file structure-v7.csv (CSV, C-alpha atoms)
chain,number,residue,atom,x,y,z
A,7,MET,CA,96.6,86.5,40.4
A,8,SER,CA,94.1,87.1,37.7
A,9,VAL,CA,95.0,87.9,34.1
A,10,VAL,CA,93.3,90.6,32.0
A,11,THR,CA,93.4,91.0,28.3
A,12,LEU,CA,93.6,94.4,26.6
A,13,THR,CA,94.4,95.8,23.2
A,14,MET,CA,97.5,97.9,22.8
A,15,ASN,CA,98.4,99.4,19.5
A,16,GLY,CA,95.9,97.0,17.8
A,17,ARG,CA,97.5,94.0,19.5
A,18,LEU,CA,95.8,91.8,22.0
A,19,ILE,CA,98.1,91.5,25.0
A,20,SER,CA,97.7,90.0,28.5
A,21,ALA,CA,98.6,91.6,31.7
A,22,ARG,CA,98.2,90.9,35.4
A,23,GLN,CA,95.4,92.6,37.1
A,24,GLY,CA,96.6,95.7,38.8
A,25,GLU,CA,99.7,96.0,36.8
A,26,SER,CA,100.5,99.4,35.2
A,27,LEU,CA,100.0,99.9,31.5
A,28,LEU,CA,103.7,100.8,31.3
A,29,GLN,CA,104.7,97.4,32.8
A,30,ALA,CA,102.3,95.5,30.6
A,31,ALA,CA,103.6,97.3,27.5
A,32,ARG,CA,107.3,96.6,28.4
A,33,GLU,CA,106.5,92.9,28.9
A,34,HIS,CA,105.2,92.7,25.4
A,35,GLY,CA,108.1,94.7,23.8
A,36,ILE,CA,106.2,97.9,23.4
A,37,GLU,CA,108.4,100.8,24.5
A,38,ILE,CA,106.8,103.8,26.1
A,39,PRO,CA,109.2,106.6,26.8
A,40,THR,CA,109.5,108.0,30.4
A,41,LEU,CA,112.1,110.1,32.3
A,42,CYS,CA,110.8,109.8,35.8
A,43,HIS,CA,109.7,106.2,36.2
A,44,LEU,CA,111.9,103.4,37.5
A,45,ASP,CA,110.7,100.0,38.4
A,46,GLY,CA,110.9,99.7,42.2
A,47,LEU,CA,110.3,103.4,42.9
A,48,GLU,CA,106.8,104.6,43.6
A,49,PRO,CA,105.2,105.6,40.3
A,50,LEU,CA,104.9,109.4,40.1
A,51,GLY,CA,103.4,110.4,36.8
A,52,GLY,CA,105.7,113.5,36.9
A,53,CYS,CA,107.3,113.7,33.5
A,54,ARG,CA,104.1,113.0,31.5
A,55,LEU,CA,106.2,111.4,28.7
A,56,CYS,CA,104.4,108.0,29.2
A,57,LEU,CA,101.0,109.5,28.3
A,58,VAL,CA,98.9,107.1,26.3
A,59,GLU,CA,95.5,107.3,24.8
A,60,VAL,CA,92.8,105.1,26.4
A,61,ARG,CA,89.5,104.6,24.6
A,62,GLY,CA,86.7,106.2,26.6
A,63,SER,CA,89.0,108.7,28.4
A,64,PRO,CA,88.7,112.3,27.3
A,65,ARG,CA,92.3,113.0,28.0
A,66,PRO,CA,95.6,111.0,27.7
A,67,LEU,CA,96.6,109.1,30.8
A,68,PRO,CA,100.1,108.4,32.3
A,69,ALA,CA,100.9,104.7,31.6
A,70,CYS,CA,102.9,104.4,34.8
A,71,LEU,CA,99.9,105.2,36.9
A,72,THR,CA,97.1,103.6,34.9
A,73,GLN,CA,96.2,100.1,35.8
A,74,ALA,CA,95.6,97.5,33.2
A,75,SER,CA,92.1,96.2,33.1
A,76,GLU,CA,90.0,93.9,31.0
A,77,GLY,CA,89.0,95.1,27.6
A,78,LEU,CA,91.0,98.4,27.7
A,79,VAL,CA,91.9,99.8,24.2
A,80,VAL,CA,95.2,101.6,24.4
A,81,GLU,CA,97.3,103.5,21.8
A,82,THR,CA,100.8,104.4,22.8
A,83,ASP,CA,102.3,106.0,19.7
A,84,THR,CA,99.7,108.1,17.9
A,85,ALA,CA,100.8,111.3,16.1
A,86,ALA,CA,99.2,113.4,18.8
A,87,LEU,CA,101.1,111.6,21.6
A,88,VAL,CA,104.4,111.9,19.8
A,89,GLU,CA,103.7,115.6,19.4
A,90,TYR,CA,102.9,116.0,23.1
A,91,ARG,CA,106.1,114.2,24.1
A,92,ARG,CA,108.2,116.3,21.8
A,93,MET,CA,106.6,119.4,23.4
A,94,ILE,CA,107.2,118.1,26.9
A,95,VAL,CA,110.9,117.6,26.2
A,96,GLU,CA,111.1,121.1,24.6
A,97,LEU,CA,109.5,122.6,27.7
A,98,LEU,CA,112.0,120.8,29.9
A,99,LEU,CA,114.8,122.2,27.8
A,100,ALA,CA,113.3,125.7,27.9
A,101,GLU,CA,113.0,125.6,31.7
A,102,ARG,CA,116.7,125.1,32.7
A,103,ALA,CA,120.1,125.8,31.2
A,104,HIS,CA,120.6,122.4,29.6
A,105,THR,CA,123.8,123.1,27.8
A,106,CYS,CA,124.9,119.6,26.8
A,107,SER,CA,128.3,120.6,25.6
A,108,VAL,CA,129.4,121.7,29.1
A,109,CYS,CA,127.5,119.1,31.0
A,110,VAL,CA,129.1,116.2,33.0
A,111,ARG,CA,126.5,113.8,31.5
A,112,ASN,CA,126.9,114.8,27.9
A,113,GLY,CA,126.5,111.6,25.9
A,114,ARG,CA,125.1,109.5,28.8
A,115,CYS,CA,122.1,111.7,29.6
A,116,GLU,CA,118.6,110.4,29.5
A,117,LEU,CA,117.1,113.8,28.7
A,118,GLN,CA,119.5,114.2,25.8
A,119,ALA,CA,118.8,110.7,24.6
A,120,MET,CA,115.1,111.3,24.8
A,121,ALA,CA,115.3,114.5,22.8
A,122,ALA,CA,117.3,112.7,20.1
A,123,ARG,CA,114.9,109.8,20.1
A,124,LEU,CA,111.9,112.1,19.7
A,125,GLY,CA,113.6,114.1,17.0
A,126,VAL,CA,113.7,117.3,19.0
A,127,ASP,CA,116.1,119.4,17.0
A,128,HIS,CA,115.0,122.8,18.2
A,129,VAL,CA,112.9,124.4,21.0
A,130,ARG,CA,109.8,126.3,19.8
A,131,PHE,CA,109.3,127.9,23.2
A,132,GLU,CA,111.1,130.9,24.6
A,133,TYR,CA,113.8,129.9,27.0
A,134,ARG,CA,112.7,130.8,30.5
A,135,TYR,CA,115.6,129.8,32.5
A,136,ARG,CA,117.7,131.9,34.9
A,137,LEU,CA,121.1,130.8,35.9
A,138,LEU,CA,120.7,128.8,39.1
A,139,PRO,CA,123.2,128.1,41.8
A,140,LEU,CA,125.4,125.0,41.9
A,141,ASP,CA,125.8,123.2,45.3
A,142,ALA,CA,129.3,121.7,45.5
A,143,SER,CA,129.4,121.7,49.3
A,144,HIS,CA,129.2,117.9,49.6
A,145,GLU,CA,132.7,116.3,49.6
A,146,ARG,CA,131.9,113.8,47.0
A,147,PHE,CA,128.9,115.0,45.0
A,148,THR,CA,127.7,118.1,43.2
A,149,LEU,CA,124.1,119.3,42.7
A,150,ASP,CA,123.6,121.5,39.6
A,151,HIS,CA,120.1,122.9,39.6
A,152,ASN,CA,120.5,124.1,36.1
A,153,ARG,CA,120.3,120.5,34.8
A,154,CYS,CA,117.4,119.3,37.0
A,155,ILE,CA,114.1,118.2,35.4
A,156,LEU,CA,112.4,117.6,38.8
A,157,CYS,CA,111.7,113.9,38.1
A,158,ARG,CA,112.0,113.3,41.8
A,159,ARG,CA,113.9,110.1,41.4
A,160,CYS,CA,116.4,111.3,44.0
A,161,VAL,CA,113.6,112.3,46.3
A,162,ARG,CA,111.9,108.9,46.0
A,163,VAL,CA,115.0,106.7,46.3
A,164,CYS,CA,116.3,108.7,49.2
A,165,ASP,CA,113.0,108.3,51.0
A,166,ALA,CA,112.0,104.7,50.1
A,167,VAL,CA,115.4,102.9,49.7
A,168,GLU,CA,117.9,104.8,51.8
A,169,GLY,CA,115.2,105.9,54.3
A,170,ALA,CA,116.9,109.3,54.8
A,171,HIS,CA,114.5,111.6,52.9
A,172,THR,CA,117.2,114.3,52.6
A,173,TRP,CA,115.7,115.5,49.3
A,174,ASP,CA,112.4,117.1,48.6
A,175,VAL,CA,111.1,119.7,46.2
A,176,CYS,CA,110.5,123.3,47.4
A,177,PHE,CA,108.6,126.2,45.8
A,178,ARG,CA,106.6,125.5,42.7
A,179,GLY,CA,106.3,126.0,39.0
A,180,ILE,CA,109.3,127.4,37.3
A,181,ASN,CA,110.8,128.2,40.8
A,182,GLY,CA,110.6,124.6,41.9
A,183,ARG,CA,113.8,123.0,42.9
A,184,VAL,CA,115.1,120.1,44.9
A,185,VAL,CA,116.2,121.0,48.4
A,186,SER,CA,118.1,119.1,51.1
A,187,ASP,CA,116.7,119.4,54.7
A,188,LEU,CA,115.7,123.0,55.5
A,189,ASP,CA,117.5,124.4,52.5
A,190,ARG,CA,120.9,123.7,54.0
A,191,PRO,CA,123.8,123.2,51.7
A,192,TRP,CA,124.1,119.5,50.8
A,193,GLY,CA,127.4,119.2,52.6
A,194,GLU,CA,125.8,120.4,55.8
A,195,SER,CA,122.8,118.2,55.6
A,196,THR,CA,122.2,116.3,58.8
A,197,SER,CA,120.1,113.6,57.3
A,198,CYS,CA,122.2,112.8,54.2
A,199,THR,CA,124.1,109.5,54.6
A,200,GLY,CA,126.3,110.2,51.6
A,201,CYS,CA,125.2,106.9,50.0
A,202,GLY,CA,125.0,108.3,46.5
A,203,LYS,CA,121.8,106.6,45.5
A,204,CYS,CA,120.4,109.9,44.2
A,205,VAL,CA,123.4,110.4,42.1
A,206,HIS,CA,123.2,106.9,40.6
A,207,LEU,CA,119.5,107.5,39.5
A,208,CYS,CA,119.7,111.1,38.2
A,209,PRO,CA,118.7,111.0,34.6
A,210,THR,CA,120.6,114.2,33.8
A,211,GLY,CA,123.7,116.0,35.0
A,212,ALA,CA,121.9,117.6,38.0
A,213,LEU,CA,123.5,115.2,40.5
A,214,SER,CA,127.0,114.0,39.8
A,215,ARG,CA,130.1,112.7,41.4
A,216,THR,CA,132.5,115.6,41.9
A,217,VAL,CA,135.4,115.0,39.6
A,218,ASP,CA,138.7,115.1,41.3
A,219,VAL,CA,140.7,117.2,38.8
A,220,GLY,CA,144.0,116.0,40.2
A,221,ASP,CA,143.1,112.4,39.5
A,222,GLU,CA,141.8,113.2,36.1
A,223,ALA,CA,145.0,114.9,35.1
A,224,ALA,CA,147.1,111.9,36.2
A,225,ARG,CA,144.9,109.5,34.4
A,226,GLU,CA,144.6,111.4,31.1
A,227,ARG,CA,148.1,112.7,30.9
A,228,ALA,CA,149.6,109.4,29.7
A,229,SER,CA,147.7,109.4,26.4
A,230,LEU,CA,148.4,113.0,25.8
A,231,LEU,CA,152.1,112.5,26.4
A,232,ARG,CA,152.1,109.9,23.7
A,233,ILE,CA,150.6,112.4,21.3
A,234,LEU,CA,153.1,115.1,22.3
A,235,GLU,CA,156.0,112.6,21.8
A,236,ARG,CA,154.8,111.9,18.2
A,237,ARG,CA,154.4,115.6,17.6
A,238,ALA,CA,158.0,116.3,18.9
A,239,GLY,CA,159.2,113.6,16.5
A,240,ILE,CA,157.4,115.2,13.5
A,241,ARG,CA,158.8,118.6,14.4
A,242,GLU,CA,162.3,117.2,14.5
A,243,GLU,CA,161.9,115.6,11.1
A,244,GLY,CA,160.6,118.9,9.7
A,245,ALA,CA,163.5,120.8,11.1
B,21,MET,CA,111.2,108.9,66.2
B,22,GLN,CA,110.3,108.9,69.9
B,23,GLU,CA,113.5,110.5,71.0
B,24,HIS,CA,113.0,113.2,68.4
B,25,ARG,CA,109.8,114.2,70.0
B,26,GLU,CA,111.5,115.2,73.2
B,27,THR,CA,113.6,117.9,71.5
B,28,ALA,CA,112.1,121.3,71.9
B,29,PRO,CA,114.7,124.0,71.3
B,30,LEU,CA,112.2,126.8,71.4
B,31,THR,CA,110.3,126.0,74.5
B,32,GLY,CA,110.1,128.7,77.0
B,33,ASP,CA,108.8,131.1,74.4
B,34,PRO,CA,105.1,131.6,75.1
B,35,LYS,CA,104.3,131.7,71.4
B,36,MET,CA,105.9,128.3,71.1
B,37,LEU,CA,103.4,127.0,73.6
B,38,LEU,CA,100.7,127.7,71.1
B,39,VAL,CA,102.4,125.7,68.5
B,40,ASP,CA,103.2,122.8,70.8
B,41,ARG,CA,99.6,122.8,71.9
B,42,ALA,CA,98.4,122.8,68.3
B,43,MET,CA,100.6,119.7,67.7
B,44,GLN,CA,99.3,118.0,70.8
B,45,ARG,CA,95.8,118.7,69.7
B,46,VAL,CA,96.3,116.7,66.5
B,47,GLN,CA,98.2,113.9,68.4
B,48,CYS,CA,101.4,114.9,66.5
B,49,ARG,CA,99.9,113.4,63.3
B,50,PRO,CA,102.1,114.1,60.3
B,51,ASP,CA,99.1,114.8,58.1
B,52,ALA,CA,98.2,117.8,60.3
B,53,LEU,CA,101.3,119.6,59.1
B,54,ILE,CA,99.5,122.5,57.3
B,55,GLU,CA,97.2,123.1,60.2
B,56,VAL,CA,100.2,123.3,62.5
B,57,LEU,CA,102.1,125.6,60.2
B,58,HIS,CA,99.1,127.9,60.1
B,59,THR,CA,99.1,128.2,63.9
B,60,ALA,CA,102.9,128.7,63.9
B,61,GLN,CA,102.7,131.5,61.4
B,62,GLU,CA,99.9,133.2,63.2
B,63,ALA,CA,101.9,133.0,66.4
B,64,PHE,CA,105.3,134.2,65.1
B,65,GLY,CA,104.3,136.1,62.0
B,66,TYR,CA,106.6,134.0,59.9
B,67,LEU,CA,108.2,130.6,59.8
B,68,SER,CA,111.8,130.5,60.9
B,69,ARG,CA,114.1,127.6,60.2
B,70,GLU,CA,114.3,126.8,63.9
B,71,LEU,CA,110.5,126.7,64.0
B,72,LEU,CA,110.3,124.4,60.9
B,73,ALA,CA,112.9,122.1,62.3
B,74,HIS,CA,111.0,121.8,65.6
B,75,VAL,CA,107.7,121.1,63.9
B,76,ALA,CA,109.5,118.5,61.6
B,77,ALA,CA,111.0,116.8,64.7
B,78,VAL,CA,107.8,116.7,66.7
B,79,LEU,CA,105.6,115.5,63.8
B,80,GLY,CA,108.2,113.1,62.6
B,81,ILE,CA,108.3,114.5,59.1
B,82,PRO,CA,111.6,114.9,57.2
B,83,GLU,CA,112.9,118.5,57.3
B,84,SER,CA,112.9,118.8,53.5
B,85,GLY,CA,109.3,117.6,53.4
B,86,VAL,CA,108.2,120.4,55.8
B,87,TYR,CA,110.3,122.9,53.9
B,88,GLY,CA,108.6,121.8,50.6
B,89,VAL,CA,105.2,122.4,52.0
B,90,ALA,CA,106.1,125.7,53.7
B,91,THR,CA,107.5,127.1,50.4
B,92,PHE,CA,104.7,125.6,48.2
B,93,TYR,CA,101.9,127.7,49.6
B,94,HIS,CA,102.0,131.4,49.1
B,95,PHE,CA,100.3,131.9,52.4
B,96,PHE,CA,103.4,130.9,54.4
B,97,THR,CA,106.3,133.3,54.6
B,98,LEU,CA,109.8,132.4,55.7
B,99,GLN,CA,111.0,135.9,56.0
B,100,PRO,CA,110.6,137.9,59.2
B,101,PRO,CA,108.0,140.6,58.6
B,102,SER,CA,109.4,144.0,58.1
B,103,GLU,CA,108.8,146.9,60.5
B,104,HIS,CA,106.9,149.0,57.9
B,105,SER,CA,104.9,147.9,55.0
B,106,CYS,CA,103.9,150.0,52.1
B,107,VAL,CA,101.5,148.8,49.4
B,108,VAL,CA,101.0,150.8,46.3
B,109,CYS,CA,98.0,150.2,44.1
B,110,ILE,CA,98.6,149.7,40.5
B,111,GLY,CA,95.1,148.7,39.5
B,112,THR,CA,93.7,150.2,36.3
B,113,VAL,CA,92.7,153.6,37.7
B,114,CYS,CA,95.7,154.0,40.0
B,115,HIS,CA,97.9,153.0,37.0
B,116,VAL,CA,96.4,155.7,34.9
B,117,LYS,CA,96.7,158.2,37.7
B,118,GLY,CA,100.4,157.4,38.3
B,119,GLY,CA,100.5,154.5,40.7
B,120,GLY,CA,103.5,153.2,38.8
B,121,GLU,CA,105.3,156.5,39.4
B,122,LEU,CA,104.7,156.2,43.1
B,123,LYS,CA,106.2,152.8,43.1
B,124,ASP,CA,109.2,153.8,41.0
B,125,ALA,CA,109.9,156.8,43.3
B,126,LEU,CA,109.8,154.6,46.4
B,127,GLU,CA,111.9,152.0,44.9
B,128,LYS,CA,114.5,154.6,43.9
B,129,ARG,CA,114.5,156.5,47.1
B,130,PHE,CA,114.6,153.6,49.5
B,131,GLY,CA,116.5,151.1,47.4
B,132,VAL,CA,113.8,148.4,47.7
B,133,ARG,CA,112.4,146.3,45.0
B,134,GLU,CA,108.7,145.7,44.6
B,135,GLY,CA,107.6,142.5,46.4
B,136,ASP,CA,110.7,142.6,48.6
B,137,THR,CA,112.0,144.1,51.8
B,138,GLY,CA,114.7,146.8,51.9
B,139,CYS,CA,116.2,149.4,54.2
B,140,ASP,CA,117.9,146.7,56.4
B,141,GLY,CA,114.7,144.7,56.4
B,142,ARG,CA,112.7,147.6,57.8
B,143,LEU,CA,110.5,148.4,54.8
B,144,TYR,CA,108.4,146.1,52.7
B,145,LEU,CA,107.2,147.5,49.4
B,146,GLY,CA,104.3,145.7,47.7
B,147,THR,CA,101.8,146.3,45.0
B,148,ALA,CA,98.2,145.5,44.8
B,149,ARG,CA,95.8,145.4,41.9
B,150,CYS,CA,92.9,147.6,43.0
B,151,LEU,CA,92.2,148.2,46.6
B,152,GLY,CA,88.6,149.3,45.8
B,153,MET,CA,89.3,153.0,46.4
B,154,CYS,CA,89.5,154.2,42.9
B,155,SER,CA,88.1,157.6,43.6
B,156,LEU,CA,91.2,158.3,45.7
B,157,ALA,CA,93.6,157.2,43.0
B,158,PRO,CA,96.6,156.8,43.1
B,159,VAL,CA,96.4,155.0,46.5
B,160,MET,CA,99.2,154.0,48.8
B,161,VAL,CA,98.7,152.0,52.0
B,162,LEU,CA,101.4,152.7,54.6
B,163,ASP,CA,101.2,150.6,57.7
B,164,ASP,CA,97.5,150.0,57.3
B,165,LEU,CA,96.7,153.7,56.8
B,166,VAL,CA,95.3,154.7,53.4
B,167,TYR,CA,96.7,157.7,51.6
B,168,GLY,CA,94.8,158.9,48.5
B,169,ARG,CA,95.6,161.2,45.6
B,170,GLU,CA,99.3,160.7,46.4
B,171,SER,CA,102.2,162.2,44.6
B,172,PRO,CA,105.6,160.6,44.2
B,173,ALA,CA,107.2,163.3,46.4
B,174,GLY,CA,104.5,163.0,49.0
B,175,SER,CA,104.8,159.2,49.2
B,176,VAL,CA,108.5,159.3,49.6
B,177,GLU,CA,108.1,161.9,52.4
B,178,LYS,CA,105.5,159.9,54.2
B,179,VAL,CA,107.5,156.6,54.1
B,180,GLY,CA,110.6,158.5,55.1
B,181,ARG,CA,108.8,159.9,58.1
B,182,ALA,CA,107.6,156.4,59.1
B,183,LEU,CA,111.1,155.0,58.8
B,184,GLU,CA,112.4,157.7,61.1
B,185,VAL,CA,110.3,156.4,64.0
B,186,ARG,CA,111.6,153.0,65.2
B,187,SER,CA,108.7,150.9,66.2
B,188,ASP,CA,108.2,147.2,66.9
B,189,ARG,CA,104.8,146.8,65.3
B,190,ASN,CA,105.7,143.4,63.9
B,191,GLY,CA,104.8,143.1,60.3
B,192,ALA,CA,101.2,144.3,60.2
B,193,GLY,CA,99.8,145.0,56.8
B,194,ARG,CA,101.6,142.4,54.8
B,195,THR,CA,98.3,141.2,53.6
B,196,GLY,CA,97.4,143.7,51.0
B,197,ARG,CA,99.8,142.1,48.6
B,198,SER,CA,97.4,140.8,46.0
B,199,GLY,CA,94.5,143.1,46.6
B,200,GLY,CA,90.9,142.5,45.7
call {"tool": "encode", "arguments": {"input": "structure-v7.csv", "output": "structure tokens"}}
result
Amino acid sequence: MSVVTLTMNGRLISARQGESLLQAAREHGIEIPTLCHLDGLEPLGGCRLCLVEVRGSPRPLPACLTQASEGLVVETDTAALVEYRRMIVELLLAERAHTCSVCVRNGRCELQAMAARLGVDHVRFEYRYRLLPLDASHERFTLDHNRCILCRRCVRVCDAVEGAHTWDVCFRGINGRVVSDLDRPWGESTSCTGCGKCVHLCPTGALSRTVDVGDEAARERASLLRILERRAGIREEGA
Amino acid sequence: MQEHRETAPLTGDPKMLLVDRAMQRVQCRPDALIEVLHTAQEAFGYLSRELLAHVAAVLGIPESGVYGVATFYHFFTLQPPSEHSCVVCIGTVCHVKGGGELKDALEKRFGVREGDTGCDGRLYLGTARCLGMCSLAPVMVLDDLVYGRESPAGSVEKVGRALEVRSDRNGAGRTGRSGG
């Protein structure tokens, strides 16, 4: 396997021929943000957050889909790129009802973390979202279109790893959404194996394990009962 | 996938023969999907779920993949065509001459939204931006017949009359949607 040398952010780094710029950067401790890429899934270039500037290219290129080659001069963190990335996250936020406070993934969400990392504290664009349906027909999982960023991780893992290809994306533009089979409710899908791989890889709260409220109550009650016990003690003392 | 290819829930329908023949002609290659969907839509006027499922099974493509393609392209329609189609021109001249009022009157009277089908699926109401008949403005096209210098009351009456007659002219005239 031949090795190439390229310049990234002013540093000379080596990479294997055919490796993506994203991989090469990661191997040298240079972090390029992305929301759709995962090693082992087919690179998609969907989220556009990994855009980098390559000398000689009139436009930024997605690092996950651009191959490292000899003599490339790459910048991953210019002011313009940071601005693009911020804009992309803002557009994602404007497109769906990403209401973190009532989201199952609040605090563990990749979109939320990315927004925080890029310093997105407001959205400059008009919110364009409509309230979309929630599919809770599956016995163990829930799909909430309102949180989906169409990264297609679920589509790719279901196709390439599970081999079921239950998911795909239908319609386009702002109307685009993931769909199971011929737009059947997830619970009635004939191809879904219920493996949950899509749920494990979802970067946001779009795909989640359905919380069993009964279980939750039983688990959480103990700590609350301790608080109530103390409270009862205080009220007695006060009386 | 071989056992999948045997399933043919819609065989017996002569229109289905056209679709099956189109798939045989391309040796059931998955990359010929769009070509096959074109044939299917020409034969049936729209793409039903059963039809999409059949095409998916024969070509060996996941159902969600076929659905994704069928919904991506505006050419394909998944709704059965309506019995009657009414297209109101709202191009510049028709707009000035009251095309919008025609549309509003029809929407109100027949409870159908522009770009949608109403009256139990019997009437499709569409708009077009200039049909190239500005001298007749405002123009309405009802079931492929052009009505010029139309008034809101007149258009409601004509569409009402068309709806009184039950016909089975399947979905002609759905094409004037985006106009010229």
call {"tool": "closest_residue", "arguments": {"input": "structure-v7.csv", "among": "B:Val179, B:Ala63, B:Val39, B:Val108", "to": "Met153 (chain B)", "atoms": "all atoms listed in the file"}}
result
B:Val108
call {"tool": "closest_residue", "arguments": {"input": "structure-v7.csv", "among": "A:Val163, A:Ser63, A:Arg146, A:Leu71", "to": "Asp218 (chain A)", "atoms": "only C-alpha atoms"}}
result
A:Arg146
call {"tool": "closest_atom_pairs", "arguments": {"input": "structure-v7.csv", "of": "chain B", "to": "chain A", "cutoff": "6 Å", "atoms": "all atoms listed in the file", "output": "CSV"}}
result
residue,atom,partner,partner_atom,distance
B:Glu83,CA,A:Asp187,CA,4.7
B:Ser84,CA,A:Asp187,CA,4.0
B:Gly85,CA,A:Asp174,CA,5.7
B:Tyr87,CA,A:Leu188,CA,5.6
B:Gly88,CA,A:Cys176,CA,4.0
B:Thr91,CA,A:Phe177,CA,4.8
B:Phe92,CA,A:Phe177,CA,4.6
call {"tool": "atom_distance", "arguments": {"input": "structure-v7.csv", "atom1": "CA of Cys198 (chain A)", "atom2": "CA of Thr148 (chain A)"}}
result
13.4 Å
call {"tool": "residues_around", "arguments": {"input": "structure-v7.csv", "residues": "Leu140 (chain A)", "least_positions_apart": "4", "cutoff": "9 Å", "atoms": "only C-alpha atoms", "output": "PyMOL selection string"}}
result
chain A and resi 148-152
call {"tool": "atom_distance", "arguments": {"input": "structure-v7.csv", "atom1": "CA of Ser107 (chain A)", "atom2": "CA of Ala121 (chain A)"}}
result
14.6 Å
call {"tool": "residues_around", "arguments": {"input": "structure-v7.csv", "residues": "Ile155 (chain A)", "least_positions_apart": "2", "cutoff": "8 Å", "atoms": "only C-alpha atoms", "output": "ChimeraX atom specification"}}
result
/A:98,102,153,157,210
call {"tool": "residues_around", "arguments": {"input": "structure-v7.csv", "residues": "region 96-99 of chain B", "least_positions_apart": "4", "cutoff": "8 Å", "atoms": "all atoms listed in the file", "output": "ChimeraX atom specification"}}
result
/B:57-58,61,66-69,90-91
call {"tool": "atom_distance", "arguments": {"input": "structure-v7.csv", "atom1": "CA of His94 (chain B)", "atom2": "CA of Ala52 (chain B)"}}
result
18.0 Å
call {"tool": "residues_around", "arguments": {"input": "structure-v7.csv", "residues": "Val116 (chain B)", "least_positions_apart": "3", "cutoff": "12 Å", "atoms": "all atoms listed in the file", "output": "list in words"}}
result
Cys109, Ile110, Gly111, Thr112, Val113, Gly119, Gly120, Glu121, Leu122, Cys150, Cys154, Ala157, Pro158 and Val159 of chain B
call {"tool": "residues_around", "arguments": {"input": "structure-v7.csv", "residues": "Leu156 (chain B)", "least_positions_apart": "5", "cutoff": "10 Å", "atoms": "all atoms listed in the file", "output": "ChimeraX atom specification"}}
result
/B:113-114,117,166-170
call {"tool": "closest_residue", "arguments": {"input": "structure-v7.csv", "among": "A:Ala74, A:Val126, A:Ile94, A:Cys53", "to": "Glu25 (chain A)", "atoms": "all atoms listed in the file"}}
result
A:Ala74
call {"tool": "closest_residue", "arguments": {"input": "structure-v7.csv", "among": "A:Leu138, A:Cys115, A:Ile233, A:Ile180", "to": "Ser214 (chain A)", "atoms": "all atoms listed in the file"}}
result
A:Cys115
call {"tool": "closest_residue", "arguments": {"input": "structure-v7.csv", "among": "A:Leu28, A:Cys160, A:Ile19, A:Cys70", "to": "Leu50 (chain A)", "atoms": "all atoms listed in the file"}}
result
A:Cys70
call {"tool": "decode", "arguments": {"input": "structure-v7.csv", "residues": "region 121-143 of chain B", "atoms": "C-alpha atoms", "output": "PDB file, in the first residue's frame"}}
result
ATOM      1  CA  GLU B 121     -61.116  34.370  -8.003  1.00  0.00           C
ATOM      2  CA  LEU B 122     -62.043  31.426 -10.216  1.00  0.00           C
ATOM      3  CA  LYS B 123     -59.794  29.216  -8.152  1.00  0.00           C
ATOM      4  CA  ASP B 124     -61.168  30.551  -4.854  1.00  0.00           C
ATOM      5  CA  ALA B 125     -64.761  30.062  -6.001  1.00  0.00           C
ATOM      6  CA  LEU B 126     -64.080  26.460  -7.068  1.00  0.00           C
ATOM      7  CA  GLU B 127     -62.216  25.686  -3.862  1.00  0.00           C
ATOM      8  CA  LYS B 128     -65.064  27.062  -1.780  1.00  0.00           C
ATOM      9  CA  ARG B 129     -67.898  25.483  -3.715  1.00  0.00           C
ATOM     10  CA  PHE B 130     -66.406  21.991  -4.098  1.00  0.00           C
ATOM     11  CA  GLY B 131     -64.340  21.819  -0.924  1.00  0.00           C
ATOM     12  CA  VAL B 132     -61.158  20.998  -2.767  1.00  0.00           C
ATOM     13  CA  ARG B 133     -57.744  22.546  -2.230  1.00  0.00           C
ATOM     14  CA  GLU B 134     -55.563  23.662  -5.112  1.00  0.00           C
ATOM     15  CA  GLY B 135     -53.190  20.860  -6.119  1.00  0.00           C
ATOM     16  CA  ASP B 136     -55.393  18.264  -4.488  1.00  0.00           C
ATOM     17  CA  THR B 137     -58.328  16.003  -5.189  1.00  0.00           C
ATOM     18  CA  GLY B 138     -61.727  16.505  -3.600  1.00  0.00           C
ATOM     19  CA  CYS B 139     -65.407  15.568  -3.960  1.00  0.00           C
ATOM     20  CA  ASP B 140     -64.683  11.956  -2.926  1.00  0.00           C
ATOM     21  CA  GLY B 141     -61.690  11.886  -5.225  1.00  0.00           C
ATOM     22  CA  ARG B 142     -63.796  12.829  -8.250  1.00  0.00           C
ATOM     23  CA  LEU B 143     -62.363  16.303  -8.879  1.00  0.00           C
TER      24      LEU B 143
END
